[in-house]
Amino acid sequence: MSTDAAGARRSAAWRVVLGLGVVSLAADMVYEGARSVTGPLLASLGVPMVVAGLVTGLGEAVALVLRLPFGARADRSGRYWPTTIAGYGLTAVGVPLLALTPLLATGGAVLASVLLLLERFGKAVRSPSKSVLLARAAQDVGLGRGLADPSGDIGLAWNFLDAPSRAAFRAALGDDDATWLRGRGWALRQALLQLPYYRTRYVPLADHARATIRAVLEDAGLVGQPG
């Protein structure tokens, strides 16, 4: 390959990395910002706490579990860009529409629940294809320059798994000590932010944050394992 062609490929790859980075940042500002008002919004619409917990929990399950079939589908079709764009589009449309739900009568609660699930569905749609696009771009910009820290994605180990399950999860991932420690830190950070806010606003989520904090402290050897 000529020097000019290699330079053109590297330039195009950088545009992919930087472009997806900017889009990911904007999407995070949209849906992560919405998370701070999701609970109060559902409560204002008359959604019972149990139902609100089921909706948010189901949304997280959708975002994680459906990545597998959508990743396989994208691999078979090779349509990584359309799939990524469609996933971000669901977030860009679904979250702002939440502002309309208080204007509706009885249908506001149902629409809000559907929109929250739709946003998480978009996450499942886009994540595998976006990862492939970034991995391909990293081959041209240089390995180590287009990669993200995976530790932010393993915090669920302390959110949902007991100690033996966490050990099996880590063994399956093959993460090194530093990555695992950063993942534990991410889980602790999220729980410490959730606990004071939801302590009186949404007790089940506050209890979940306490359980996460205890799991982190147990792994660090600061408290004993439950007998």
# chains A, B, ... in the order shown; residues from 1 in each chain; ligands from 1
>>> residues_around(residues="A:Ile213", least_positions_apart="3", cutoff="7 Å", atoms="only C-alpha atoms", output="list of chain:residue names")
A:Leu188, A:Ala191, A:Ala209, A:Arg210, A:Val216, A:Leu217
>>> write_last_selection(atoms="all heavy atoms", output="compact mmCIF listing (two decimals), in the first residue's frame")
# COMPACT_ATOMS: atom_id res chain seq x y z
N LEU A 188 -18.65 0.94 43.05
CA LEU A 188 -18.73 1.67 44.31
C LEU A 188 -19.14 3.12 44.08
O LEU A 188 -19.98 3.67 44.81
CB LEU A 188 -17.39 1.60 45.03
CG LEU A 188 -17.31 2.33 46.38
CD1 LEU A 188 -18.31 1.74 47.37
CD2 LEU A 188 -15.89 2.27 46.93
N ALA A 191 -22.89 3.34 43.34
CA ALA A 191 -23.71 3.07 44.53
C ALA A 191 -23.65 4.22 45.52
O ALA A 191 -24.66 4.58 46.14
CB ALA A 191 -23.24 1.77 45.19
N ALA A 209 -28.30 -0.16 46.41
CA ALA A 209 -27.01 0.53 46.51
C ALA A 209 -26.25 0.05 47.75
O ALA A 209 -25.02 -0.17 47.69
CB ALA A 209 -27.22 2.04 46.55
N ARG A 210 -26.96 -0.12 48.86
CA ARG A 210 -26.30 -0.63 50.08
C ARG A 210 -25.72 -2.02 49.85
O ARG A 210 -24.60 -2.33 50.30
CB ARG A 210 -27.30 -0.65 51.24
CG ARG A 210 -27.71 0.71 51.75
CD ARG A 210 -28.53 0.57 53.03
NE ARG A 210 -29.02 1.87 53.49
CZ ARG A 210 -30.21 2.36 53.20
NH1 ARG A 210 -31.06 1.66 52.44
NH2 ARG A 210 -30.57 3.54 53.64
N VAL A 216 -18.78 -4.73 47.45
CA VAL A 216 -17.46 -4.16 47.16
C VAL A 216 -16.55 -4.28 48.38
O VAL A 216 -15.37 -4.66 48.27
CB VAL A 216 -17.60 -2.69 46.72
CG1 VAL A 216 -16.24 -2.00 46.69
CG2 VAL A 216 -18.27 -2.61 45.36
N LEU A 217 -17.08 -3.95 49.55
CA LEU A 217 -16.28 -4.01 50.78
C LEU A 217 -15.89 -5.45 51.12
O LEU A 217 -14.79 -5.70 51.62
CB LEU A 217 -17.06 -3.37 51.94
CG LEU A 217 -17.34 -1.87 51.81
CD1 LEU A 217 -18.14 -1.39 53.01
CD2 LEU A 217 -16.05 -1.08 51.65
>>> residues_around(residues="stretch 90-96 of chain A", least_positions_apart="2", cutoff="6 Å", atoms="only C-alpha atoms", output="short mmCIF file (atom, residue, chain, number, x, y, z; two decimals) with all heavy atoms, in the first residue's frame")
data_model
loop_
_atom_site.label_atom_id
_atom_site.label_comp_id
_atom_site.auth_asym_id
_atom_site.auth_seq_id
_atom_site.Cartn_x
_atom_site.Cartn_y
_atom_site.Cartn_z
N GLY A 87 -29.55 2.54 16.35
CA GLY A 87 -29.53 2.46 17.81
C GLY A 87 -29.44 3.83 18.46
O GLY A 87 -30.16 4.13 19.42
N TYR A 88 -28.57 4.68 17.93
CA TYR A 88 -28.47 6.03 18.47
C TYR A 88 -29.75 6.82 18.19
O TYR A 88 -30.15 7.68 18.98
CB TYR A 88 -27.26 6.76 17.89
CG TYR A 88 -25.97 6.44 18.59
CD1 TYR A 88 -24.92 5.82 17.93
CD2 TYR A 88 -25.80 6.74 19.94
CE1 TYR A 88 -23.73 5.52 18.58
CE2 TYR A 88 -24.62 6.44 20.59
CZ TYR A 88 -23.59 5.83 19.90
OH TYR A 88 -22.41 5.54 20.56
N LEU A 98 -39.98 11.80 26.42
CA LEU A 98 -40.43 11.67 27.80
C LEU A 98 -41.04 12.97 28.32
O LEU A 98 -41.88 12.96 29.22
CB LEU A 98 -39.27 11.24 28.71
CG LEU A 98 -38.77 9.80 28.56
CD1 LEU A 98 -37.48 9.62 29.35
CD2 LEU A 98 -39.83 8.81 29.04
N ALA A 99 -40.59 14.09 27.76
CA ALA A 99 -41.11 15.39 28.21
C ALA A 99 -42.60 15.54 27.92
O ALA A 99 -43.27 16.37 28.54
CB ALA A 99 -40.33 16.51 27.54
N LEU A 115 -41.10 4.25 26.36
CA LEU A 115 -39.97 5.05 25.89
C LEU A 115 -38.68 4.68 26.63
O LEU A 115 -37.60 4.65 26.02
CB LEU A 115 -40.27 6.54 26.06
CG LEU A 115 -41.33 7.12 25.13
CD1 LEU A 115 -41.64 8.56 25.51
CD2 LEU A 115 -40.89 7.03 23.68
N GLU A 119 -35.35 3.23 24.75
CA GLU A 119 -33.99 3.76 24.85
C GLU A 119 -32.98 2.66 25.15
O GLU A 119 -31.91 2.58 24.55
CB GLU A 119 -33.94 4.84 25.93
CG GLU A 119 -32.60 5.56 26.04
CD GLU A 119 -31.59 4.78 26.84
OE1 GLU A 119 -31.93 4.28 27.93
OE2 GLU A 119 -30.44 4.64 26.36
N GLY A 122 -32.39 0.59 22.13
CA GLY A 122 -31.44 1.22 21.23
C GLY A 122 -30.00 0.95 21.64
O GLY A 122 -29.12 0.77 20.79
#
>>> residues_around(residues="stretch 36-42 of chain A", least_positions_apart="2", cutoff="10 Å", atoms="only C-alpha atoms", output="PyMOL selection string")
chain A and resi 31-34+44-49+51-53+55-56+98-99+101-102+108-110+112-113+116+194+197-198+201-202+205
>>> closest_residue(among="A:Arg9, A:Lys123, A:Arg214, A:Arg170", to="A:Gly89", atoms="only C-alpha atoms")
A:Lys123
>>> select_by_dssp(residues="stretch 100-197 of chain A", states="helix (DSSP H, G or I)", output="ChimeraX atom specification")
/A:100-103,107-141,150-153,156-160,163-173,177-197
>>> atom_distance(atom1="atom CA of A:Gly19", atom2="atom CA of A:Val125")
18.4 Å
>>> closest_residue(among="A:Pro196, A:Gly71, A:Gly57, A:Gly185", to="A:Arg126", atoms="only C-alpha atoms")
A:Gly71
>>> atom_distance(atom1="atom CA of A:Ala12", atom2="atom CA of A:Ala137")
8.2 Å
>>> residues_around(residues="A:Asp219", least_positions_apart="5", cutoff="12 Å", atoms="only C-alpha atoms", output="list in words")
Ala157, Trp158, Leu161, Asp162, Ala163, Pro164, Arg166, Ala167, Trp180, Leu181, Gly183, Arg184, Gly185, Ala187, Leu188, Thr212, Ile213, Arg214, Gly224, Gln225 and Pro226 of chain A
>>> atom_distance(atom1="atom CA of A:Val22", atom2="atom CA of A:Val62")
24.5 Å
>>> closest_residue(among="A:Arg79, A:Gly221, A:Leu58, A:Asp176", to="A:Leu117", atoms="only C-alpha atoms")
A:Leu58
>>> closest_residue(among="A:Leu104, A:Ser151, A:Arg189, A:Leu66", to="A:Asp177", atoms="only C-alpha atoms")
A:Ser151
>>> decode(residues="stretch 63-76 of chain A", atoms="all heavy atoms", output="compact mmCIF listing (two decimals), in the first residue's frame")
# COMPACT_ATOMS: atom_id res chain seq x y z
N ALA A 63 -31.01 -4.08 27.50
CA ALA A 63 -29.77 -3.48 26.98
C ALA A 63 -28.62 -4.47 26.95
O ALA A 63 -27.74 -4.39 26.09
CB ALA A 63 -29.39 -2.26 27.83
N LEU A 64 -28.61 -5.42 27.89
CA LEU A 64 -27.51 -6.37 27.97
C LEU A 64 -27.77 -7.65 27.17
O LEU A 64 -26.94 -8.08 26.38
CB LEU A 64 -27.23 -6.71 29.44
CG LEU A 64 -26.71 -5.56 30.31
CD1 LEU A 64 -26.67 -5.98 31.77
CD2 LEU A 64 -25.33 -5.12 29.85
N VAL A 65 -28.93 -8.25 27.40
CA VAL A 65 -29.20 -9.57 26.81
C VAL A 65 -29.36 -9.50 25.29
O VAL A 65 -28.87 -10.37 24.56
CB VAL A 65 -30.46 -10.19 27.46
CG1 VAL A 65 -30.82 -11.50 26.77
CG2 VAL A 65 -30.22 -10.41 28.94
N LEU A 66 -30.03 -8.46 24.80
CA LEU A 66 -30.30 -8.39 23.36
C LEU A 66 -29.08 -8.00 22.52
O LEU A 66 -29.15 -8.00 21.29
CB LEU A 66 -31.44 -7.41 23.10
CG LEU A 66 -32.82 -7.85 23.60
CD1 LEU A 66 -33.89 -6.87 23.14
CD2 LEU A 66 -33.16 -9.25 23.11
N ARG A 67 -27.97 -7.68 23.18
CA ARG A 67 -26.76 -7.40 22.39
C ARG A 67 -26.31 -8.64 21.60
O ARG A 67 -25.76 -8.50 20.51
CB ARG A 67 -25.62 -6.96 23.31
CG ARG A 67 -25.86 -5.63 24.00
CD ARG A 67 -24.67 -5.19 24.80
NE ARG A 67 -24.98 -4.04 25.63
CZ ARG A 67 -24.08 -3.27 26.20
NH1 ARG A 67 -22.80 -3.53 26.03
NH2 ARG A 67 -24.44 -2.24 26.94
N LEU A 68 -26.52 -9.79 22.19
CA LEU A 68 -26.07 -11.03 21.53
C LEU A 68 -26.77 -11.24 20.20
O LEU A 68 -26.10 -11.39 19.16
CB LEU A 68 -26.26 -12.22 22.46
CG LEU A 68 -25.82 -13.58 21.91
CD1 LEU A 68 -24.34 -13.56 21.58
CD2 LEU A 68 -26.13 -14.68 22.93
N PRO A 69 -28.11 -11.26 20.14
CA PRO A 69 -28.74 -11.47 18.83
C PRO A 69 -28.49 -10.32 17.85
O PRO A 69 -28.33 -10.57 16.65
CB PRO A 69 -30.23 -11.61 19.17
CG PRO A 69 -30.40 -10.98 20.50
CD PRO A 69 -29.12 -11.23 21.23
N PHE A 70 -28.44 -9.09 18.33
CA PHE A 70 -28.21 -7.98 17.42
C PHE A 70 -26.77 -7.95 16.92
O PHE A 70 -26.51 -7.55 15.79
CB PHE A 70 -28.59 -6.65 18.07
CG PHE A 70 -30.05 -6.35 18.01
CD1 PHE A 70 -30.84 -6.46 19.14
CD2 PHE A 70 -30.64 -5.99 16.81
CE1 PHE A 70 -32.21 -6.19 19.08
CE2 PHE A 70 -32.01 -5.72 16.74
CZ PHE A 70 -32.79 -5.83 17.87
N GLY A 71 -25.84 -8.38 17.77
CA GLY A 71 -24.46 -8.50 17.31
C GLY A 71 -24.31 -9.57 16.23
O GLY A 71 -23.64 -9.36 15.22
N ALA A 72 -24.97 -10.72 16.47
CA ALA A 72 -24.91 -11.80 15.47
C ALA A 72 -25.57 -11.36 14.16
O ALA A 72 -25.08 -11.67 13.06
CB ALA A 72 -25.60 -13.04 16.03
N ARG A 73 -26.68 -10.65 14.26
CA ARG A 73 -27.38 -10.18 13.07
C ARG A 73 -26.51 -9.20 12.27
O ARG A 73 -26.44 -9.27 11.04
CB ARG A 73 -28.69 -9.50 13.48
CG ARG A 73 -29.52 -8.98 12.31
CD ARG A 73 -30.73 -8.23 12.84
NE ARG A 73 -31.52 -7.66 11.75
CZ ARG A 73 -32.51 -8.28 11.13
NH1 ARG A 73 -32.83 -9.51 11.50
NH2 ARG A 73 -33.18 -7.69 10.17
N ALA A 74 -25.84 -8.29 12.99
CA ALA A 74 -24.97 -7.33 12.31
C ALA A 74 -23.80 -8.03 11.63
O ALA A 74 -23.37 -7.65 10.53
CB ALA A 74 -24.47 -6.29 13.31
N ASP A 75 -23.26 -9.06 12.28
CA ASP A 75 -22.15 -9.81 11.68
C ASP A 75 -22.59 -10.50 10.39
O ASP A 75 -21.85 -10.55 9.41
CB ASP A 75 -21.62 -10.85 12.67
CG ASP A 75 -20.66 -10.25 13.68
OD1 ASP A 75 -20.08 -9.19 13.38
OD2 ASP A 75 -20.51 -10.83 14.76
N ARG A 76 -23.80 -11.06 10.40
CA ARG A 76 -24.28 -11.76 9.21
C ARG A 76 -24.55 -10.79 8.06
O ARG A 76 -24.26 -11.10 6.90
CB ARG A 76 -25.55 -12.56 9.54
CG ARG A 76 -25.32 -13.78 10.41
CD ARG A 76 -26.54 -14.69 10.40
NE ARG A 76 -27.72 -14.00 10.92
CZ ARG A 76 -28.09 -14.01 12.19
NH1 ARG A 76 -27.36 -14.68 13.08
NH2 ARG A 76 -29.18 -13.38 12.59
